[in-house]
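S.K.: First the structure, which I've put down as structure tokens, then a few questions once you've had a look.
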Amino acid sequence: MFGYITIDKPELKVKEFYRYKSYYCGLCRTLKEEYGMRGRMTLSYDMTFLVLLLTSLYEVHTKELQSHCPLHPVKKIPMLQNEILEYGAKMNILLTYFKFEDDWKDDKSLKGIAGMHLFKKKAENLSKEYKRQAHAIQKQLKILASYEDAQEENIDLVAGAFGNLMAELFVYKEDMWENELRKFGFYLGKFIYIMDAYDDLEEDLKTDSYNPLKALKGNCKDEQSYEETVHQILVMMMAEATGVFERLPILLDVEILRNVLYSGVWAKYNKKQKERQEK
């Protein structure tokens with residue numbers, strides 16, 4: 001997960017911001033309780049959004065509590081607690097472990113092997129509990145690695161692998177919402193992957209690292225054409241995702257969710273555009 005699926009804070013009402021923060025802090029607390037400080041280190045905005053969406057859709061019983069945290073040691077802050085937050089924490093750990101495993105297999109990364117040792121036992125237990133999700137993460141990361149080895153240039157194909165991974169994480173239950181949630185996760189996952197590739201392209205060109213957008217940039221007649229093409233692709237991905245979202249019967253925290261999907265997801269893109277204009 002890359003941290004692109006977050007809020008646009010200035011556009012949120014104060015009470016909506018603190019409501020979102022209570023989800024984020026609740027996930028952080030759940031990770032700490034279940035997996036210690038190492039679990040807390042895996043906290044991400046993307047998984048906070050998954051928790052927020054699924055809680056809003058299923059309207060599960062949610063408790064609000066007050067608790068201390070390392071960043072606020074004096075004053076207690078509000079945090080939410082429910083079964084979806086527990087699910088989000090578990091998916092966070094699975095993603096983290098298999099990413100470390102993938103790094104070790106591909107690059108013999110010391111960080112990868114160290115991370116594997118930190119989360120191995122927990123990940124093994126979670127893989128038994130969530131076989132579908134664990135299989136999807138392993139399979140799609142393996143496919144992504146094979147695309148990198150082959151220097152695959154088809155951005156739609158490569159992003160689709162990460163989309164397939166995210167699709168399974170958003171399917172909390174195999175029920176009446178399964179198909180819609182899988183489609184939503186697929187297009188959101190593609191957006192995340194393409195946004196990350198776009199964000200990294202300049203550095204990847206300098207280091208000659210793999211990036212599927214290299215070919216697209218090379219095939220465009222000029223910089224403006226490349227920028228317009230990438231923007232169009234990203235808009236298409238979010239249009240598909242938001243189209244599914246608007247069909248879901250979500251009322252709880254819907255304004256926060258719309259803030260993320262229609263504004264927050266573009267924060268890093270807009271920042272990148274501003275930096276380029278200043279240059």
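Chain lettering (A, B, ...) mirrors the order of the structure tokens, residue numbering begins at 1 for each chain separately, and ligand numbering begins at 1 in order of display.
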Compile the contact shell of Glu124 in chain A as a PyMOL selection string: residues with an atom at most 10 Å away, counting only C-alpha atoms, same-chain residues fewer than 6 positions apart removed.
M.R.: chain A and resi 94+97+134
S.K.: Please produce a file of the residues just selected, as a PDB file, in the first residue's frame, where the atoms kept are N, CA, C and O atoms.
M.R.:
```
ATOM      1  N   LEU A  94      -0.868  -9.082   6.828  1.00  0.00           N
ATOM      2  CA  LEU A  94      -0.652  -9.988   5.697  1.00  0.00           C
ATOM      3  C   LEU A  94       0.079  -9.284   4.555  1.00  0.00           C
ATOM      4  O   LEU A  94       1.039  -9.819   3.985  1.00  0.00           O
ATOM      5  N   TYR A  97       3.764  -8.663   5.564  1.00  0.00           N
ATOM      6  CA  TYR A  97       4.599  -9.871   5.565  1.00  0.00           C
ATOM      7  C   TYR A  97       4.929 -10.329   4.148  1.00  0.00           C
ATOM      8  O   TYR A  97       6.104 -10.589   3.823  1.00  0.00           O
ATOM      9  N   ALA A 134      -5.005 -14.254   1.501  1.00  0.00           N
ATOM     10  CA  ALA A 134      -3.579 -14.568   1.534  1.00  0.00           C
ATOM     11  C   ALA A 134      -3.105 -15.109   0.194  1.00  0.00           C
ATOM     12  O   ALA A 134      -2.034 -14.735  -0.311  1.00  0.00           O
TER      13      ALA A 134
END
```
S.K.: So which residues of range 6-171 of chain A fall under strand (DSSP E or B) by DSSP, listed as a PyMOL selection string?
M.R.: chain A and resi 63-69+72-81
S.K.: Mind checking DSSP for range 28-254 of chain A and telling me the alpha helix (DSSP H) residues as JSON, numbers by chain?
M.R.: {"A": [28, 29, 30, 31, 32, 33, 34, 35, 36, 37, 38, 39, 40, 45, 46, 47, 48, 49, 50, 51, 52, 53, 54, 55, 56, 57, 58, 83, 84, 85, 86, 87, 88, 89, 90, 91, 92, 93, 94, 95, 96, 97, 98, 99, 100, 101, 102, 103, 104, 105, 106, 107, 110, 111, 112, 113, 114, 115, 116, 117, 118, 119, 120, 121, 122, 123, 124, 125, 126, 127, 128, 129, 131, 132, 133, 134, 135, 136, 137, 138, 139, 140, 141, 142, 143, 144, 145, 146, 147, 148, 149, 155, 156, 157, 158, 159, 160, 161, 162, 163, 164, 165, 166, 167, 168, 169, 170, 178, 179, 180, 181, 182, 183, 184, 185, 186, 187, 188, 189, 190, 191, 192, 193, 194, 195, 196, 197, 198, 199, 200, 201, 202, 203, 204, 205, 206, 207, 213, 214, 215, 216, 217, 218, 219, 223, 224, 225, 226, 227, 228, 229, 230, 231, 232, 233, 234, 235, 236, 237, 238, 239, 240, 241, 242, 243, 244, 245, 246, 247, 254]}
S.K.: Which neighbours of range 19-24 of chain A fall inside 6 Å, counting only C-alpha atoms, when residues of the same chain fewer than 5 positions from it are skipped, and could you give them as a PyMOL selection string?
M.R.: chain A and resi 48+78-80
S.K.: Applying 12 Å and only C-alpha atoms, which residues near Glu180 in chain A remain after dropping the ones on its own chain fewer than 4 positions away? List them as a list of chain:residue names.
M.R.: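 Listed by chain and then number, they are A:Leu57, A:Ala167, A:Glu168, A:Phe170, A:Val171, A:Tyr172, A:Lys173, A:Glu174, A:Asp175, A:Met176, A:Phe184, A:Gly185, A:Phe186, A:Tyr187, A:Glu240, A:Ala241, A:Thr242, A:Gly243, A:Val244, A:Phe245, A:Glu246, A:Arg247, A:Leu248, A:Pro249.
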S.K.: Quick one: of A:Val158, A:Ile5, A:Cys220, A:Leu144, who's nearest to Met238 in chain A, counting only C-alpha atoms?
M.R.: A:Ile5
S.K.: Any idea what's packed within 12 Å of range 63-77 of chain A, counting only C-alpha atoms, ignoring anything in its chain fewer than 5 positions away? Could you give it as a list of chain:residue names?
M.R.: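 Those residues are A:Tyr18, A:Arg19, A:Lys21, A:Ser22, A:Tyr23, A:Tyr24, A:Cys25, A:Gly26, A:Cys28, A:Arg29, A:Thr30, A:Lys32, A:Glu33, A:Met37, A:Arg40, A:Thr55, A:Asn82, A:Glu83, A:Ile84, A:Leu85.
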S.K.: Which residue is closest to Tyr262 in chain A? Choose from A:Glu148, A:Leu95, A:Asn164, A:Thr6 and count only C-alpha atoms.
M.R.: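 Closest to Tyr262 in chain A of all the choices is A:Thr6.
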S.K.: Just how far from CA of Lys99 in chain A is CA of Ala215 in chain A, in Å to one decimal?
M.R.: 25.5 Å
S.K.: Quick one: residues within 9 Å of Gly163 in chain A, only C-alpha atoms counted, chain neighbours fewer than 6 positions away excluded, as a list of chain:residue names?
M.R.: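 Result of the neighbour search: A:Gln140, A:Lys183, A:Gly185, A:Phe186, A:Tyr187, A:Leu188, A:Gly189, A:Lys190, A:Phe191, A:Ile192, A:Tyr193.
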